[in-house]
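Engineer: Have a look at the structure that comes next, please.
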Amino acid sequence: MTNSIKVYSTQVTERWSDEGFSALMDIIPLDLQQRVNAEKGWENQHGSLARKLMLWYGMNEMGANMNDLFECLEFTKSGKPYIIDAPHFSLANDGAVAVCAISETSVLGIDVERLKPLNLSDYRNEMTYLEWREIYSRIIPLRRFYEFWTIKESVLKADGEQENVDIKEIYIQPDIAFYNAKNWYINPAELDYYGYTCFLVSSNPHADIDVINVDLLEIFLDQKS
């Protein structure tokens with residue numbers, strides 16, 4: 001069986017109307033609505049909601065049993081969501097850009113980051129010596145830093161077992177990250193959104209990644225019209 005992974009992505013470029021946001025919120029249960037409302041700022045709220053809706057859409061597209069999908073969500077001690085007897089998945093958002101990766105064959109993790117200006121010296125203890133040496137060898141060190149950071153976040157999501165982790169314990173090689181006695185295979189996810197980097201890791205090599213851009217308003221609200 002091939003290692004097929006679908007990555008659903010969306011960018012909310014402007015704030016949804018109150019009516020539209022409310023209609024989309026009604027799709028998810030109350031406890032998840034509370035998680036969305038706890039996010040600061042409309043972009044984070046929209047992104048948090050968007051990734052949950054893409055999970056519903058993606059699972060439906062893959063033929064998963066959609067009866068009470070969100071009611072079946074469970075969480076590991078580290079907070080990783082999963083559904084028993086359903087495809088593996090991972091969710092992420094940075095502001096209003098959201099992604100949802102789904103695979104029937106591989107445990108996976110995904111992360112997306114906007115390349116925001118920051119002082120790299122503030123993160124000196126977050127990377128190994130070799131990682132910093134590679135970061136500063138690049139023409140744009142900030143981009144390589146975010147690539148490393150996104151890969152490490154993806155590994156933590158894929159593993160889902162450890163709490164209070166020192167991300168320096170994640171060792172990155174060109175195509176593989178090693179953590180918690182496991183190899184995780186690194187794959188870039190090419191998004192159409194300028195100024196973002198997105199990576200996923202999977203438990204199996206040779207991933208066949210299909211990035212699918214979705215319009216959530218069209219999918220969910222037009223169907224109700």
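Simple scheme: letters A, B, ... for chains in structure tokens order, numbers from 1 for residues in each chain, numbers from 1 for ligands in the order shown.
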Might you pull out every residue within 10 Å of region 27-33 of chain A, with only C-alpha atoms counted and same-chain residues fewer than 5 positions away left off, and present them as a PyMOL selection string?
Structural biologist: chain A and resi 22+38+45+48-49+52-53+56+68-71+220
Engineer: List every residue of region 73-150 of chain A that has an atom at most 10 Å from any atom of region 170-193 of chain A, and for each one report the closest atom pair and its distance in Å to one decimal, counting only C-alpha atoms, with rows sorted by chain and then by increasing residue number, as a Markdown table.
Structural biologist:
```
| residue | atom | partner | partner_atom | distance |
| --- | --- | --- | --- | --- |
| A:Val97 | CA | A:Tyr193 | CA | 8.2 |
| A:Val99 | CA | A:Leu191 | CA | 9.4 |
| A:Ala101 | CA | A:Ala189 | CA | 9.8 |
| A:Val107 | CA | A:Trp184 | CA | 9.3 |
| A:Leu108 | CA | A:Trp184 | CA | 8.4 |
| A:Gly109 | CA | A:Trp184 | CA | 9.3 |
| A:Ile110 | CA | A:Ala189 | CA | 8.9 |
| A:Asp111 | CA | A:Ala189 | CA | 9.5 |
| A:Val112 | CA | A:Ala189 | CA | 9.1 |
| A:Arg114 | CA | A:Tyr193 | CA | 9.5 |
| A:Met127 | CA | A:Ile170 | CA | 9.1 |
| A:Thr128 | CA | A:Tyr171 | CA | 8.5 |
| A:Leu130 | CA | A:Ile172 | CA | 9.7 |
| A:Glu131 | CA | A:Ile172 | CA | 8.1 |
| A:Glu147 | CA | A:Pro188 | CA | 9.1 |
| A:Phe148 | CA | A:Ile172 | CA | 7.9 |
| A:Thr150 | CA | A:Pro188 | CA | 9.9 |
```
Engineer: Run DSSP on the backbone and grab whatever in region 3-120 of chain A lands in strand (DSSP E); send it over as number ranges by chain.
Structural biologist: A: 3-11, 74-75, 81-82, 88-94, 97-103, 108-114
Engineer: Do you know which residues are at most 8 Å from region 5-8 of chain A counting only C-alpha atoms, after dropping those on the same chain fewer than 6 positions away, and could you put them as a ChimeraX atom specification?
Structural biologist: /A:54,58,99-104,189,207-214
Engineer: So which bits of chain A end up alpha helix (DSSP H) when you DSSP the backbone, as a PyMOL selection string?
Structural biologist: chain A and resi 18-25+30-37+42-61+129-135+141-159+216
Engineer: So how far away is CA of Glu14 (chain A) from CA of Ala50 (chain A), in Å?
Structural biologist: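 Going from CA of Ala50 (chain A) over to CA of Glu14 (chain A), I get 13.0 Å.
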Engineer: Can you tell me, as a short mmCIF file (atom, residue, chain, number, x, y, z; two decimals) with C-alpha atoms, in the first residue's frame, what residues are no more than 9 Å from Asn164 (chain A) when counting only C-alpha atoms, ignoring any on the same chain fewer than 2 positions away?
Structural biologist:
```
data_model
loop_
_atom_site.label_atom_id
_atom_site.label_comp_id
_atom_site.auth_asym_id
_atom_site.auth_seq_id
_atom_site.Cartn_x
_atom_site.Cartn_y
_atom_site.Cartn_z
CA SER A 78 0.22 15.55 25.46
CA GLN A 162 5.77 13.08 25.67
CA ASP A 166 13.06 19.77 25.15
#
```
Engineer: Which neighbours of region 117-124 of chain A fall inside 9 Å, counting only C-alpha atoms, when residues of the same chain fewer than 5 positions from it are skipped, and could you give them as an MDAnalysis selection string?
Structural biologist: chainID A and resid 132 141:142 145
Engineer: Selected residues, all heavy atoms, written as a PDB file, in the first residue's frame, please.
Structural biologist:
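Everything below was put into result-v3.pdb:
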```pdb
ATOM      1  N   TRP A 132      22.167  25.251  14.552  1.00  0.00           N
ATOM      2  CA  TRP A 132      22.470  26.676  14.428  1.00  0.00           C
ATOM      3  C   TRP A 132      23.516  26.919  13.347  1.00  0.00           C
ATOM      4  O   TRP A 132      23.446  27.908  12.614  1.00  0.00           O
ATOM      5  CB  TRP A 132      22.959  27.237  15.767  1.00  0.00           C
ATOM      6  CG  TRP A 132      21.841  27.553  16.718  1.00  0.00           C
ATOM      7  CD1 TRP A 132      21.628  27.011  17.938  1.00  0.00           C
ATOM      8  CD2 TRP A 132      20.787  28.489  16.512  1.00  0.00           C
ATOM      9  NE1 TRP A 132      20.507  27.534  18.514  1.00  0.00           N
ATOM     10  CE2 TRP A 132      19.974  28.447  17.670  1.00  0.00           C
ATOM     11  CE3 TRP A 132      20.442  29.353  15.480  1.00  0.00           C
ATOM     12  CZ2 TRP A 132      18.841  29.252  17.811  1.00  0.00           C
ATOM     13  CZ3 TRP A 132      19.309  30.148  15.607  1.00  0.00           C
ATOM     14  CH2 TRP A 132      18.527  30.096  16.760  1.00  0.00           C
ATOM     15  N   PRO A 141      18.791  33.114   7.105  1.00  0.00           N
ATOM     16  CA  PRO A 141      18.785  32.234   8.287  1.00  0.00           C
ATOM     17  C   PRO A 141      17.395  32.066   8.896  1.00  0.00           C
ATOM     18  O   PRO A 141      17.069  30.979   9.385  1.00  0.00           O
ATOM     19  CB  PRO A 141      19.743  32.941   9.256  1.00  0.00           C
ATOM     20  CG  PRO A 141      20.640  33.760   8.383  1.00  0.00           C
ATOM     21  CD  PRO A 141      19.769  34.208   7.240  1.00  0.00           C
ATOM     22  N   LEU A 142      16.581  33.122   8.870  1.00  0.00           N
ATOM     23  CA  LEU A 142      15.265  33.058   9.495  1.00  0.00           C
ATOM     24  C   LEU A 142      14.408  31.954   8.870  1.00  0.00           C
ATOM     25  O   LEU A 142      13.701  31.238   9.581  1.00  0.00           O
ATOM     26  CB  LEU A 142      14.552  34.404   9.367  1.00  0.00           C
ATOM     27  CG  LEU A 142      13.219  34.531  10.105  1.00  0.00           C
ATOM     28  CD1 LEU A 142      13.442  34.511  11.612  1.00  0.00           C
ATOM     29  CD2 LEU A 142      12.501  35.821   9.694  1.00  0.00           C
ATOM     30  N   PHE A 145      15.543  28.582  10.146  1.00  0.00           N
ATOM     31  CA  PHE A 145      15.112  28.427  11.531  1.00  0.00           C
ATOM     32  C   PHE A 145      13.663  27.971  11.587  1.00  0.00           C
ATOM     33  O   PHE A 145      13.318  27.021  12.307  1.00  0.00           O
ATOM     34  CB  PHE A 145      15.275  29.736  12.296  1.00  0.00           C
ATOM     35  CG  PHE A 145      14.611  29.728  13.644  1.00  0.00           C
ATOM     36  CD1 PHE A 145      15.248  29.164  14.738  1.00  0.00           C
ATOM     37  CD2 PHE A 145      13.333  30.256  13.814  1.00  0.00           C
ATOM     38  CE1 PHE A 145      14.634  29.130  15.989  1.00  0.00           C
ATOM     39  CE2 PHE A 145      12.710  30.233  15.055  1.00  0.00           C
ATOM     40  CZ  PHE A 145      13.362  29.670  16.137  1.00  0.00           C
TER      41      PHE A 145
END
```
Engineer: Between A:Glu74, A:Glu113, A:Leu24, A:Thr105, which one has atoms that come closest to His206 (chain A), using only C-alpha atoms?
Structural biologist: A:Thr105
Engineer: Need to verify the contact set: Arg51 (chain A), 8 Å, only C-alpha atoms, exclusion of same-chain residues closer than 4 positions in sequence. Can you return it as a list of chain:residue names?
Structural biologist: A:Gly47, A:Leu55, A:Leu91, A:Ala92, A:Asn93, A:Ala98, A:Val99, A:Cys100
